[in-house]
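Q: To start, I am sharing the structure in question, which I have written as structure tokens.
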Amino acid sequence: MKKHAIIPIFIPHRGCPNDCVFCNQKAITARQTDVTPADARNIIDSYLPTLEGRGLETIEVAFFGGSFTGIPMEDQSAFLAVAQEYKSKGLIDKIHMSTRPDYINEEILDNLIKYEADIVELGVQSFDPKVLVASNRGHSVEDVYRACDLIKSYGLELGIQLMIGLPQDSLESCLYSAKETVLMEPSIARLYPTVVLNDTELLRMYERGEYEPLSTDEAVAITKEMYKIIASAGIKIIRVGLKSTDLINDSDSDQNQTVGHTYHPAFRQLVEGEIAREDLEAQLLPYISKNAASAAFYSNGVSFSNMIGNSRRNKEFFAGKYPDIRISFKVDDSLEDMVFEVREK
Ligand code: SF4
């Protein structure tokens, strides 16, 4: 059962002075009306009844979109005051926001503490300076380290978002970013393969032949290695890949149409399914070497679909590669999520 719910409030960063090559926020916000604190209240009010009776341990209000701490301070305060009101009534548990590393300083954090904010997620994207420059992020790696340290020094929970496949990116850069993320000790992380959206500089780079998106398989292979590094450090990976709803938040047009083949609606399952397959195959090899006739693969119910694989690809992989051993797939709910075991049948 899902124990955690996020009430997302999308606050576009109107007037964002940055020009990240992958971002289409400017094109979207140019056509959107401003979200107001009253809208935020309406969104929370409409979500709360749908969360009742679901056994949730934590409900968060999260200000996503552009860069929450980059909007004027009085606007931040007005939104935070709404969330704080629900928190003080016990209707929500945490206040969460996403922002950029260079929009973190003492004044901003003092204000977040005043309104009892809990989690600050930083859009780090990469720890490789050349990737940040090529993506025109407009902040340095030093900004990232400084912001992470400052957020933690205020006792706030830290989140880190990384992107895979940005211009000048590589497997080595991505693994380095994953390892640096672990050193920053966030409590949560998100991994987003880069998707080429309309109305972006990245699309123009692609059209000029200056940028080639990763294939889905390439993106899965890199993300899987990052996932293993980050998850094995005990950091909760709360998102892997964009959801389809992330691509259709601009309701009046096809502006979020993607180019290339990196996007996959079940990207997380592709990544977690690959990790399951590798793990199970390593555990199966002793059974193969002693010519066992059968073996049983176990996971808990939540991770069962990862064990089977997207479109049953793991099942088919084992049947094709190891035809002489009969493999059954079973549930053992005493296992943790993403723990797989091979046992004698
Ligand atoms: S991704 Fe970059 S350009 Fe887009 S809203 Fe955020 S900071 Fe601004």
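Note on naming: chains are A, B, ... as they come in the structure tokens, residues start from 1 per chain, ligands start from 1 in the order shown.
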As a VMD selection string, please: the residues near A:Tyr176 (cut-off 12 Å, only C-alpha atoms, same-chain neighbours under 6 positions excluded).
A: chain A and resid 125 to 129 131 162 164 169 to 170 182 to 183 222 225 to 226 229 to 230
Q: Which neighbours of stretch 334-340 of chain A fall inside 7 Å, counting only C-alpha atoms, when residues of the same chain fewer than 5 positions from it are skipped, and could you give them as a PyMOL selection string?
A: chain A and resi 276+280+298-300+302-303
Q: Got a sec to check which residues lie within 7 Å of ligand 1, using only C-alpha atoms and all ligand atoms, and send them as a list in words?
A: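 Within the 7 Å cut-off, the matching residues are His13, Cys16, Pro17, Asn18, Asp19, Cys20, Cys23, Asn24, Gln25, Lys26, Gly66, Ser67, Arg100 and Arg137 of chain A.
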Q: With C-alpha atoms retained, export the selected residues as a PDB file, in the first residue's frame.
A:
ATOM      1  CA  HIS A  13       8.452  30.459 -12.676  1.00  0.00           C
ATOM      2  CA  CYS A  16      12.669  33.052 -14.903  1.00  0.00           C
ATOM      3  CA  PRO A  17      15.891  34.721 -16.087  1.00  0.00           C
ATOM      4  CA  ASN A  18      17.533  31.417 -16.942  1.00  0.00           C
ATOM      5  CA  ASP A  19      17.535  29.574 -20.237  1.00  0.00           C
ATOM      6  CA  CYS A  20      18.170  25.898 -19.562  1.00  0.00           C
ATOM      7  CA  CYS A  23      13.173  23.758 -20.461  1.00  0.00           C
ATOM      8  CA  ASN A  24       9.893  24.726 -22.072  1.00  0.00           C
ATOM      9  CA  GLN A  25       8.536  26.505 -18.996  1.00  0.00           C
ATOM     10  CA  LYS A  26       8.821  29.891 -20.666  1.00  0.00           C
ATOM     11  CA  GLY A  66       9.833  26.298 -11.911  1.00  0.00           C
ATOM     12  CA  SER A  67      11.992  27.385  -8.987  1.00  0.00           C
ATOM     13  CA  ARG A 100      17.558  25.713  -8.167  1.00  0.00           C
ATOM     14  CA  ARG A 137      22.023  25.969 -16.459  1.00  0.00           C
TER      15      ARG A 137
END
Q: If you run DSSP on the backbone, which residues of stretch 212-310 of chain A are strand (DSSP E), as number ranges by chain?
A: A: 236-240, 258-259, 294-299
Q: Which residues, written as a PyMOL selection string, have at least one atom at most 12 Å from A:Pro193, with only C-alpha atoms counted and residues fewer than 6 positions away on the same chain left out?
A: chain A and resi 22+125-126+161-167+169+174+213-224+226+239-243+261-265+267-268+271
Q: Once you have the residues from the selection above, write them out as a compact mmCIF listing (two decimals), in the first residue's frame, restricted to C-alpha atoms.
A:
# COMPACT_ATOMS: atom_id res chain seq x y z
CA PHE A 22 15.80 21.46 -22.01
CA GLN A 125 20.80 17.88 -12.95
CA SER A 126 24.55 17.11 -13.07
CA GLN A 161 17.14 15.73 -8.94
CA LEU A 162 19.52 14.49 -11.63
CA MET A 163 19.05 14.34 -15.40
CA ILE A 164 20.51 11.72 -17.69
CA GLY A 165 21.60 12.40 -21.28
CA LEU A 166 22.03 16.18 -21.23
CA PRO A 167 24.42 17.75 -23.78
CA ASP A 169 26.81 13.99 -20.71
CA CYS A 174 26.29 10.26 -14.74
CA PRO A 213 18.89 12.06 -27.54
CA LEU A 214 19.61 8.75 -25.83
CA SER A 215 17.60 5.77 -27.00
CA THR A 216 15.35 4.28 -24.33
CA ASP A 217 17.75 1.33 -23.96
CA GLU A 218 20.74 3.63 -23.49
CA ALA A 219 18.86 5.75 -20.96
CA VAL A 220 17.77 2.63 -19.04
CA ALA A 221 21.32 1.24 -18.99
CA ILE A 222 22.78 4.46 -17.52
CA THR A 223 19.91 5.17 -15.13
CA LYS A 224 20.11 1.61 -13.79
CA MET A 226 22.91 5.44 -11.09
CA ARG A 239 10.81 9.18 -9.20
CA VAL A 240 12.50 7.56 -12.19
CA GLY A 241 11.49 9.08 -15.53
CA LEU A 242 8.74 11.50 -16.45
CA LYS A 243 5.12 10.47 -16.10
CA HIS A 261 12.77 7.86 -28.31
CA THR A 262 14.05 8.48 -24.81
CA TYR A 263 10.62 8.85 -23.22
CA HIS A 264 8.89 5.65 -22.12
CA PRO A 265 5.71 5.66 -20.01
CA PHE A 267 10.58 3.99 -17.59
CA ARG A 268 10.88 3.20 -13.89
CA VAL A 271 15.05 0.34 -14.92
Q: Please list as an mmCIF file with C-alpha atoms, in the first residue's frame every residue within 12 Å of A:Arg146, counting only C-alpha atoms and excluding residues in the same chain fewer than 2 positions away.
A:
data_model
loop_
_atom_site.group_PDB
_atom_site.id
_atom_site.type_symbol
_atom_site.label_atom_id
_atom_site.label_comp_id
_atom_site.auth_asym_id
_atom_site.auth_seq_id
_atom_site.Cartn_x
_atom_site.Cartn_y
_atom_site.Cartn_z
ATOM 1 C CA ARG A 100 17.558 25.713 -8.167
ATOM 2 C CA PRO A 101 20.856 25.531 -6.255
ATOM 3 C CA ASP A 102 21.583 29.229 -6.849
ATOM 4 C CA TYR A 103 18.228 30.265 -5.324
ATOM 5 C CA ILE A 104 19.263 29.121 -1.865
ATOM 6 C CA ASN A 105 20.655 31.540 0.713
ATOM 7 C CA GLU A 106 20.181 32.326 4.399
ATOM 8 C CA LEU A 122 17.318 20.888 -5.729
ATOM 9 C CA VAL A 124 21.023 19.731 -9.628
ATOM 10 C CA HIS A 139 24.816 27.947 -12.007
ATOM 11 C CA SER A 140 28.026 26.261 -11.022
ATOM 12 C CA VAL A 141 28.801 22.993 -9.287
ATOM 13 C CA GLU A 142 30.045 25.092 -6.354
ATOM 14 C CA ASP A 143 26.505 26.515 -6.053
ATOM 15 C CA VAL A 144 25.254 22.936 -5.704
ATOM 16 C CA CYS A 148 23.229 21.284 -0.185
ATOM 17 C CA ASP A 149 25.333 22.160 2.858
ATOM 18 C CA LEU A 150 23.192 25.180 3.721
ATOM 19 C CA ILE A 151 19.898 23.278 3.430
ATOM 20 C CA LYS A 152 21.166 20.542 5.718
ATOM 21 C CA SER A 153 22.608 23.073 8.189
ATOM 22 C CA MET A 184 25.549 15.077 -0.245
#
Q: Would you tabulate, counting only C-alpha atoms, all residues of stretch 69-103 of chain A that have an atom at most 10 Å from an atom of stretch 37-54 of chain A, showing the closest pair of atoms and their distance in Å to one decimal, sorted by chain then ascending number, as CSV?
A:
residue,atom,partner,partner_atom,distance
A:Asp75,CA,A:Pro37,CA,8.3
A:Gln76,CA,A:Pro37,CA,9.4
A:Ser77,CA,A:Pro37,CA,9.6
A:Ala78,CA,A:Pro37,CA,6.2
A:Phe79,CA,A:Pro37,CA,5.1
A:Leu80,CA,A:Pro37,CA,8.6
A:Ala81,CA,A:Pro37,CA,8.7
A:Val82,CA,A:Arg41,CA,6.5
A:Ala83,CA,A:Arg41,CA,8.0
A:Glu85,CA,A:Arg41,CA,9.9
A:Tyr86,CA,A:Ile44,CA,8.7
A:Leu91,CA,A:Leu48,CA,7.9
A:Ile92,CA,A:Leu48,CA,8.7
Q: Residues as selected, N, CA and C atoms, written as an mmCIF file, in the first residue's frame, can you do that?
A:
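The file below, result-v3.cif, is the result:
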data_model
loop_
_atom_site.group_PDB
_atom_site.id
_atom_site.type_symbol
_atom_site.label_atom_id
_atom_site.label_comp_id
_atom_site.auth_asym_id
_atom_site.auth_seq_id
_atom_site.Cartn_x
_atom_site.Cartn_y
_atom_site.Cartn_z
ATOM 1 N N ASP A 75 5.599 36.452 -2.507
ATOM 2 C CA ASP A 75 4.792 35.387 -3.115
ATOM 3 C C ASP A 75 5.101 34.041 -2.451
ATOM 4 N N GLN A 76 6.401 33.792 -2.219
ATOM 5 C CA GLN A 76 6.764 32.554 -1.502
ATOM 6 C C GLN A 76 6.016 32.499 -0.170
ATOM 7 N N SER A 77 6.060 33.617 0.552
ATOM 8 C CA SER A 77 5.432 33.648 1.883
ATOM 9 C C SER A 77 3.929 33.395 1.792
ATOM 10 N N ALA A 78 3.299 33.974 0.758
ATOM 11 C CA ALA A 78 1.839 33.812 0.629
ATOM 12 C C ALA A 78 1.480 32.346 0.385
ATOM 13 N N PHE A 79 2.253 31.658 -0.466
ATOM 14 C CA PHE A 79 1.993 30.233 -0.718
ATOM 15 C C PHE A 79 2.308 29.408 0.530
ATOM 16 N N LEU A 80 3.437 29.724 1.151
ATOM 17 C CA LEU A 80 3.844 28.954 2.336
ATOM 18 C C LEU A 80 2.840 29.112 3.472
ATOM 19 N N ALA A 81 2.263 30.323 3.590
ATOM 20 C CA ALA A 81 1.288 30.562 4.662
ATOM 21 C C ALA A 81 0.072 29.647 4.499
ATOM 22 N N VAL A 82 -0.340 29.423 3.236
ATOM 23 C CA VAL A 82 -1.478 28.515 2.994
ATOM 24 C C VAL A 82 -1.109 27.110 3.455
ATOM 25 N N ALA A 83 0.075 26.643 3.016
ATOM 26 C CA ALA A 83 0.483 25.277 3.380
ATOM 27 C C ALA A 83 0.645 25.152 4.890
ATOM 28 N N GLU A 85 -0.896 26.703 7.196
ATOM 29 C CA GLU A 85 -2.213 26.659 7.854
ATOM 30 C C GLU A 85 -2.731 25.212 7.898
ATOM 31 N N TYR A 86 -2.601 24.491 6.766
ATOM 32 C CA TYR A 86 -3.057 23.100 6.728
ATOM 33 C C TYR A 86 -2.193 22.218 7.625
ATOM 34 N N LEU A 91 -3.762 18.649 8.919
ATOM 35 C CA LEU A 91 -4.346 18.077 7.700
ATOM 36 C C LEU A 91 -3.276 17.608 6.719
ATOM 37 N N ILE A 92 -2.107 18.200 6.798
ATOM 38 C CA ILE A 92 -0.950 17.711 6.039
ATOM 39 C C ILE A 92 0.214 17.594 7.023
#
Q: DSSP on the backbone, then: every residue of stretch 72-236 of chain A marked alpha helix (DSSP H), written as a PyMOL selection string.
A: chain A and resi 73-88+106-114+129-134+141-153+171-184+201-207+216-232
Q: Find the residues around A:Ser294 up to 6 Å (only C-alpha atoms counted), leave out those fewer than 6 positions away in its own chain, and share them as an mmCIF file with N, CA and C atoms, in the first residue's frame.
A:
data_model
loop_
_atom_site.group_PDB
_atom_site.id
_atom_site.type_symbol
_atom_site.label_atom_id
_atom_site.label_comp_id
_atom_site.auth_asym_id
_atom_site.auth_seq_id
_atom_site.Cartn_x
_atom_site.Cartn_y
_atom_site.Cartn_z
ATOM 1 N N ILE A 325 16.078 -25.186 -17.278
ATOM 2 C CA ILE A 325 15.652 -25.081 -15.876
ATOM 3 C C ILE A 325 14.258 -24.455 -15.818
ATOM 4 N N ARG A 326 13.385 -25.089 -15.086
ATOM 5 C CA ARG A 326 12.004 -24.606 -14.969
ATOM 6 C C ARG A 326 11.953 -23.557 -13.860
ATOM 7 N N ILE A 327 11.549 -22.363 -14.217
ATOM 8 C CA ILE A 327 11.561 -21.260 -13.243
ATOM 9 C C ILE A 327 10.135 -20.835 -12.929
#
Q: What's the 12 Å shell around A:Tyr287, counting only C-alpha atoms, without same-chain residues fewer than 5 positions away, as a list in words?
A: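 Returned residues: Leu280, Glu281, Ala282, Ala292, Ala293, Ser294, Ala295, Ala296, Phe297, Tyr322, Asp324, Ile325, Arg326, Ile327, Val342, Arg343, Glu344 and Lys345 of chain A.
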Q: Next, write the just-selected residues to a file, as a PDB file, in the first residue's frame, keeping N, CA and C atoms as the atom set.
A:
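Writing done, so here's result_31.pdb:
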ATOM      1  N   LEU A 280      18.694 -11.543 -10.229  1.00  0.00           N
ATOM      2  CA  LEU A 280      18.199 -12.917 -10.274  1.00  0.00           C
ATOM      3  C   LEU A 280      19.138 -13.816 -11.075  1.00  0.00           C
ATOM      4  N   GLU A 281      19.689 -13.303 -12.155  1.00  0.00           N
ATOM      5  CA  GLU A 281      20.580 -14.137 -12.973  1.00  0.00           C
ATOM      6  C   GLU A 281      21.840 -14.499 -12.174  1.00  0.00           C
ATOM      7  N   ALA A 282      22.368 -13.519 -11.429  1.00  0.00           N
ATOM      8  CA  ALA A 282      23.568 -13.807 -10.620  1.00  0.00           C
ATOM      9  C   ALA A 282      23.265 -14.895  -9.584  1.00  0.00           C
ATOM     10  N   ALA A 292      20.429 -27.967 -11.832  1.00  0.00           N
ATOM     11  CA  ALA A 292      19.122 -28.087 -11.161  1.00  0.00           C
ATOM     12  C   ALA A 292      18.013 -28.086 -12.216  1.00  0.00           C
ATOM     13  N   ALA A 293      16.949 -28.839 -11.933  1.00  0.00           N
ATOM     14  CA  ALA A 293      15.840 -28.922 -12.904  1.00  0.00           C
ATOM     15  C   ALA A 293      14.893 -27.747 -12.759  1.00  0.00           C
ATOM     16  N   SER A 294      14.892 -27.113 -11.565  1.00  0.00           N
ATOM     17  CA  SER A 294      13.938 -26.031 -11.350  1.00  0.00           C
ATOM     18  C   SER A 294      14.467 -25.069 -10.284  1.00  0.00           C
ATOM     19  N   ALA A 295      13.884 -23.883 -10.271  1.00  0.00           N
ATOM     20  CA  ALA A 295      14.202 -22.877  -9.245  1.00  0.00           C
ATOM     21  C   ALA A 295      13.003 -21.945  -9.130  1.00  0.00           C
ATOM     22  N   ALA A 296      12.902 -21.307  -7.976  1.00  0.00           N
ATOM     23  CA  ALA A 296      11.784 -20.369  -7.773  1.00  0.00           C
ATOM     24  C   ALA A 296      12.346 -18.976  -7.510  1.00  0.00           C
ATOM     25  N   PHE A 297      11.786 -18.006  -8.208  1.00  0.00           N
ATOM     26  CA  PHE A 297      12.164 -16.599  -8.008  1.00  0.00           C
ATOM     27  C   PHE A 297      11.121 -15.962  -7.096  1.00  0.00           C
ATOM     28  N   TYR A 322      17.866 -19.896 -20.493  1.00  0.00           N
ATOM     29  CA  TYR A 322      18.071 -21.080 -19.646  1.00  0.00           C
ATOM     30  C   TYR A 322      16.893 -22.048 -19.823  1.00  0.00           C
ATOM     31  N   ASP A 324      16.726 -25.163 -19.921  1.00  0.00           N
ATOM     32  CA  ASP A 324      16.767 -26.462 -19.239  1.00  0.00           C
ATOM     33  C   ASP A 324      16.358 -26.390 -17.771  1.00  0.00           C
ATOM     34  N   ILE A 325      16.078 -25.186 -17.278  1.00  0.00           N
ATOM     35  CA  ILE A 325      15.652 -25.081 -15.876  1.00  0.00           C
ATOM     36  C   ILE A 325      14.258 -24.455 -15.818  1.00  0.00           C
ATOM     37  N   ARG A 326      13.385 -25.089 -15.086  1.00  0.00           N
ATOM     38  CA  ARG A 326      12.004 -24.606 -14.969  1.00  0.00           C
ATOM     39  C   ARG A 326      11.953 -23.557 -13.860  1.00  0.00           C
ATOM     40  N   ILE A 327      11.549 -22.363 -14.217  1.00  0.00           N
ATOM     41  CA  ILE A 327      11.561 -21.260 -13.243  1.00  0.00           C
ATOM     42  C   ILE A 327      10.135 -20.835 -12.929  1.00  0.00           C
ATOM     43  N   VAL A 342      16.392 -16.155  -5.237  1.00  0.00           N
ATOM     44  CA  VAL A 342      16.229 -17.417  -5.951  1.00  0.00           C
ATOM     45  C   VAL A 342      16.330 -18.524  -4.917  1.00  0.00           C
ATOM     46  N   ARG A 343      15.311 -19.394  -4.895  1.00  0.00           N
ATOM     47  CA  ARG A 343      15.303 -20.494  -3.923  1.00  0.00           C
ATOM     48  C   ARG A 343      15.044 -21.813  -4.650  1.00  0.00           C
ATOM     49  N   GLU A 344      15.343 -22.891  -3.942  1.00  0.00           N
ATOM     50  CA  GLU A 344      15.016 -24.197  -4.523  1.00  0.00           C
ATOM     51  C   GLU A 344      13.516 -24.328  -4.574  1.00  0.00           C
ATOM     52  N   LYS A 345      13.057 -24.972  -5.614  1.00  0.00           N
ATOM     53  CA  LYS A 345      11.613 -25.075  -5.751  1.00  0.00           C
ATOM     54  C   LYS A 345      11.056 -26.130  -4.806  1.00  0.00           C
TER      55      LYS A 345
END
Q: Just give me the gap between atom CA of A:Met97 and atom CA of A:Thr194 in Å, one decimal is fine.
A: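 It comes out at 21.1 Å.
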